[in-house]
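Novice: Submitted below is the structure of interest, expressed as structure tokens.
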Amino acid sequence: MKADAAQIQALYEQQGYMTAIPILSPEELQQARDAFAELERKHGEDYTAYSLHNIHKEFDWVMALAKHPKLLEVVTAALGPDVILLDSRFICKYPVCNKPAKTQQSNGIIQPNDTRNKEKDSMPFVAWHQDMKYWGFDGGPVLSVWLALDDSLEDNGALQVIPGTHHSGLLPHQQAKRAGNMLSVNQEIPEELVETEKAILCPLQAGQMSIHDGLLVHASDPNTSNRRRCGYVIRYVPTCTYPIQDPERPRTFPATVLVSGVDKYNHFSCKTSKL
């Protein structure tokens with residue numbers, strides 16, 4: 001694993017992301033999908049789209065995903081042996097194109113194309129951003145995992161990244177102008193600072209994962225398919241990383257877990273539990 005770990009670390013450092021990494025076996029994937037379906041039935045799609053936050057400490061099957069040996073093998077290769085699970089959330093883009101389209105008015109006149117385009121523009125999407133803008137850390141990086149429970153492809157809004165942008169530091173963010181942004185604080189990087197012509201799509205098959213650095217510029221388009229796009233997003237930090245206090249946006253991390261190695265820094269000592 002040493003040679004593989006060195007290759008992973010070098011590639012991740014160079015481009016800021018890796019994708020299409022196989023993690024779950026078919027049996028593990030089916031078990032996770034079945035368990036998630038129970039949460040959908042219990043809470044409804046409006047809730048499970050974005051509100052299943054930090055349930056890794058509530059459900060053993062979710063914690064098992066966050067501590068999956070194949071997943072942690074990649075994470076520790078990128079971050080080092082001492083790693084804390086910082087935060088996690090399920091994110092689902094549900095299909096909306098299979099809902100009845102409002103293509104006709106009551107008088108039978110077909111709507112103009114710009115009206116239908118406006119409807120598409122309000123569909124849920126994730127604006128171009130950097131994760132580190134929302135987390136506020138120093139002393140080390142933040143690594144984000146997308147573990148796919150569904151195929152994540154272009155038509156249902158797969159992740160897009162701009163390789164190497166994690167070397168550019170933290171960019172300015174502003175309030176998003178377009179409706180439908182799924183980011184909780186509704187921010188985006190100004191379009192003049194985003195080199196979209198360099199963007200790369202990161203399609204995933206269900207059971208695969210991608211990883212990206214907290215400073216990598218990334219986004220995802222609306223789900224225009226008739227299929228759900230659900231993934232488990234997990235944030236990891238090396239134990240040397242520590243949160244920066246911001247009086248304008250207080251941050252707490254109540255669900256941190258030491259998932260690999262030892263924590264000699266104790267930056268999350270009052271909150272972090274052990275395996």
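Numbering starts fresh at 1 for the residues of each chain in the structure tokens, the chains themselves are lettered A, B, ... in the order given, and ligands are numbered from 1 as they appear.
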Just the strand (DSSP E or B) stuff from range 40-260 of chain A, please, per backbone DSSP, written as a PyMOL selection string.
Specialist: chain A and resi 53+83-93+104+110+125-129+137-138+143-148+152+159-161+174-175+181+187-188+200-201+204+208-213+218-220+229-238+242-243+257-260
Novice: Write out as a compact mmCIF listing (two decimals) with N, CA and C atoms, in the first residue's frame all residues of range 4-216 of chain A that backbone DSSP assigns to alpha helix (DSSP H).
Specialist:
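What landed in result.txt:
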# COMPACT_ATOMS: atom_id res chain seq x y z
N ASP A 4 1.17 2.77 -3.43
CA ASP A 4 -0.14 3.27 -3.82
C ASP A 4 -0.49 4.53 -3.06
N ALA A 5 -0.18 4.55 -1.77
CA ALA A 5 -0.48 5.72 -0.95
C ALA A 5 0.31 6.93 -1.44
N ALA A 6 1.55 6.72 -1.82
CA ALA A 6 2.37 7.82 -2.33
C ALA A 6 1.80 8.35 -3.64
N GLN A 7 1.31 7.47 -4.49
CA GLN A 7 0.72 7.89 -5.75
C GLN A 7 -0.57 8.66 -5.52
N ILE A 8 -1.38 8.18 -4.60
CA ILE A 8 -2.61 8.88 -4.27
C ILE A 8 -2.32 10.28 -3.74
N GLN A 9 -1.39 10.35 -2.82
CA GLN A 9 -1.03 11.64 -2.23
C GLN A 9 -0.51 12.62 -3.28
N ALA A 10 0.35 12.13 -4.19
CA ALA A 10 0.92 13.00 -5.22
C ALA A 10 -0.15 13.49 -6.19
N LEU A 11 -1.02 12.60 -6.62
CA LEU A 11 -2.07 12.98 -7.57
C LEU A 11 -3.07 13.92 -6.93
N TYR A 12 -3.43 13.64 -5.70
CA TYR A 12 -4.38 14.48 -4.98
C TYR A 12 -3.80 15.88 -4.75
N GLU A 13 -2.54 15.94 -4.41
CA GLU A 13 -1.88 17.23 -4.20
C GLU A 13 -1.80 18.01 -5.50
N GLN A 14 -1.57 17.32 -6.60
CA GLN A 14 -1.42 18.00 -7.89
C GLN A 14 -2.74 18.57 -8.41
N GLN A 15 -3.79 17.74 -8.43
CA GLN A 15 -5.02 18.16 -9.09
C GLN A 15 -6.15 18.52 -8.12
N PRO A 26 -21.41 -4.78 -4.27
CA PRO A 26 -22.84 -4.76 -4.61
C PRO A 26 -23.74 -5.02 -3.41
N GLU A 27 -23.31 -5.92 -2.53
CA GLU A 27 -24.11 -6.22 -1.34
C GLU A 27 -24.14 -5.03 -0.37
N GLU A 28 -22.99 -4.40 -0.16
CA GLU A 28 -22.92 -3.24 0.73
C GLU A 28 -23.74 -2.08 0.17
N LEU A 29 -23.66 -1.90 -1.14
CA LEU A 29 -24.44 -0.83 -1.78
C LEU A 29 -25.93 -1.06 -1.60
N GLN A 30 -26.39 -2.28 -1.82
CA GLN A 30 -27.81 -2.56 -1.69
C GLN A 30 -28.29 -2.36 -0.26
N GLN A 31 -27.47 -2.77 0.70
CA GLN A 31 -27.84 -2.57 2.10
C GLN A 31 -27.97 -1.09 2.43
N ALA A 32 -27.05 -0.27 1.92
CA ALA A 32 -27.11 1.17 2.17
C ALA A 32 -28.32 1.79 1.49
N ARG A 33 -28.61 1.37 0.28
CA ARG A 33 -29.77 1.92 -0.44
C ARG A 33 -31.07 1.52 0.25
N ASP A 34 -31.14 0.29 0.75
CA ASP A 34 -32.35 -0.14 1.46
C ASP A 34 -32.54 0.65 2.75
N ALA A 35 -31.45 0.87 3.47
CA ALA A 35 -31.54 1.64 4.72
C ALA A 35 -31.93 3.08 4.44
N PHE A 36 -31.38 3.65 3.37
CA PHE A 36 -31.75 5.04 3.03
C PHE A 36 -33.22 5.12 2.61
N ALA A 37 -33.71 4.09 1.93
CA ALA A 37 -35.11 4.07 1.52
C ALA A 37 -36.04 4.13 2.73
N GLU A 38 -35.63 3.50 3.84
CA GLU A 38 -36.43 3.57 5.06
C GLU A 38 -36.50 5.01 5.58
N LEU A 39 -35.39 5.75 5.48
CA LEU A 39 -35.40 7.15 5.90
C LEU A 39 -36.27 7.99 4.99
N GLU A 40 -36.26 7.69 3.70
CA GLU A 40 -37.14 8.41 2.76
C GLU A 40 -38.60 8.18 3.10
N ARG A 41 -38.94 6.93 3.41
CA ARG A 41 -40.34 6.63 3.74
C ARG A 41 -40.75 7.31 5.04
N LYS A 42 -39.82 7.40 5.97
CA LYS A 42 -40.12 7.99 7.27
C LYS A 42 -40.24 9.51 7.21
N HIS A 43 -39.31 10.15 6.49
CA HIS A 43 -39.21 11.60 6.53
C HIS A 43 -39.77 12.31 5.30
N GLU A 45 -39.22 13.03 0.87
CA GLU A 45 -38.12 13.48 0.02
C GLU A 45 -37.71 14.92 0.28
N ASP A 46 -38.66 15.77 0.64
CA ASP A 46 -38.30 17.16 0.91
C ASP A 46 -37.27 17.25 2.04
N TYR A 47 -37.39 16.35 3.01
CA TYR A 47 -36.46 16.34 4.15
C TYR A 47 -35.16 15.64 3.78
N THR A 48 -35.24 14.48 3.15
CA THR A 48 -34.03 13.70 2.89
C THR A 48 -33.16 14.32 1.80
N ASP A 60 -25.86 2.99 12.92
CA ASP A 60 -24.63 2.21 12.74
C ASP A 60 -24.27 2.04 11.27
N TRP A 61 -25.28 1.89 10.40
CA TRP A 61 -24.99 1.66 9.00
C TRP A 61 -24.37 2.89 8.34
N VAL A 62 -24.72 4.07 8.84
CA VAL A 62 -24.12 5.30 8.31
C VAL A 62 -22.67 5.42 8.79
N MET A 63 -22.44 5.14 10.08
CA MET A 63 -21.07 5.17 10.60
C MET A 63 -20.19 4.15 9.86
N ALA A 64 -20.77 3.02 9.51
CA ALA A 64 -19.99 2.00 8.78
C ALA A 64 -19.56 2.52 7.41
N LEU A 65 -20.39 3.33 6.78
CA LEU A 65 -19.99 3.94 5.51
C LEU A 65 -18.84 4.91 5.74
N ALA A 66 -18.95 5.74 6.77
CA ALA A 66 -17.93 6.76 7.04
C ALA A 66 -16.59 6.14 7.47
N PRO A 69 -13.30 0.55 5.38
CA PRO A 69 -11.84 0.40 5.24
C PRO A 69 -11.30 0.89 3.91
N LYS A 70 -11.99 0.62 2.80
CA LYS A 70 -11.52 1.06 1.49
C LYS A 70 -11.55 2.58 1.40
N LEU A 71 -12.57 3.18 1.98
CA LEU A 71 -12.68 4.64 1.97
C LEU A 71 -11.56 5.27 2.79
N LEU A 72 -11.35 4.76 4.01
CA LEU A 72 -10.32 5.33 4.87
C LEU A 72 -8.92 5.08 4.33
N GLU A 73 -8.74 4.01 3.57
CA GLU A 73 -7.45 3.75 2.96
C GLU A 73 -7.06 4.91 2.04
N VAL A 74 -8.02 5.41 1.28
CA VAL A 74 -7.76 6.53 0.37
C VAL A 74 -7.61 7.83 1.14
N VAL A 75 -8.50 8.06 2.11
CA VAL A 75 -8.46 9.30 2.89
C VAL A 75 -7.15 9.44 3.64
N THR A 76 -6.70 8.38 4.27
CA THR A 76 -5.44 8.47 5.03
C THR A 76 -4.23 8.58 4.10
N ALA A 77 -4.33 8.03 2.89
CA ALA A 77 -3.25 8.22 1.93
C ALA A 77 -3.12 9.69 1.56
N ALA A 78 -4.25 10.39 1.48
CA ALA A 78 -4.24 11.81 1.11
C ALA A 78 -3.91 12.72 2.29
N LEU A 79 -4.40 12.38 3.48
CA LEU A 79 -4.30 13.28 4.64
C LEU A 79 -3.27 12.86 5.67
N ASN A 113 -40.30 29.72 -25.08
CA ASN A 113 -39.16 28.97 -24.58
C ASN A 113 -38.52 29.61 -23.37
N ASP A 114 -38.49 30.95 -23.30
CA ASP A 114 -37.81 31.59 -22.19
C ASP A 114 -38.51 31.31 -20.88
N THR A 115 -39.84 31.08 -20.91
CA THR A 115 -40.58 30.74 -19.69
C THR A 115 -40.16 29.37 -19.19
N ARG A 116 -40.06 28.40 -20.12
CA ARG A 116 -39.64 27.06 -19.72
C ARG A 116 -38.19 27.07 -19.24
N ASN A 117 -37.36 27.90 -19.87
CA ASN A 117 -35.97 28.00 -19.42
C ASN A 117 -35.88 28.55 -18.02
N LYS A 118 -36.77 29.49 -17.68
CA LYS A 118 -36.77 30.05 -16.33
C LYS A 118 -37.12 28.97 -15.31
N GLU A 119 -38.04 28.07 -15.69
CA GLU A 119 -38.39 26.97 -14.79
C GLU A 119 -37.17 26.09 -14.54
N LYS A 120 -36.39 25.80 -15.60
CA LYS A 120 -35.19 24.99 -15.45
C LYS A 120 -34.16 25.71 -14.58
N ASP A 121 -34.07 27.04 -14.74
CA ASP A 121 -33.09 27.81 -13.99
C ASP A 121 -33.36 27.80 -12.50
N MET A 132 -14.02 25.25 1.89
CA MET A 132 -13.32 25.90 3.00
C MET A 132 -13.95 27.24 3.37
N LYS A 133 -14.66 27.84 2.43
CA LYS A 133 -15.34 29.10 2.73
C LYS A 133 -16.35 28.93 3.86
N TYR A 134 -16.96 27.75 3.94
CA TYR A 134 -18.03 27.52 4.92
C TYR A 134 -17.50 26.92 6.21
N TRP A 135 -16.33 26.25 6.13
CA TRP A 135 -15.85 25.55 7.31
C TRP A 135 -14.96 26.42 8.17
Novice: Closest to Val96 in chain A among A:Ser122, A:Thr196, A:Asn226, A:Thr165, using only C-alpha atoms?
Specialist: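 Nearest to Val96 in chain A: A:Asn226.
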Novice: Expressed in Å to a single decimal, how great is the separation between CA of Cys230 in chain A and CA of Ala158 in chain A?
Specialist: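 Separation of CA of Cys230 in chain A and CA of Ala158 in chain A: 10.1 Å.
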Novice: Pick from A:Gly261, A:Gly164, A:Pro250, A:Gly180: nearest to Asp213 in chain A, with only C-alpha atoms counted?
Specialist: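 Smallest distance to Asp213 in chain A is found for A:Gly164.
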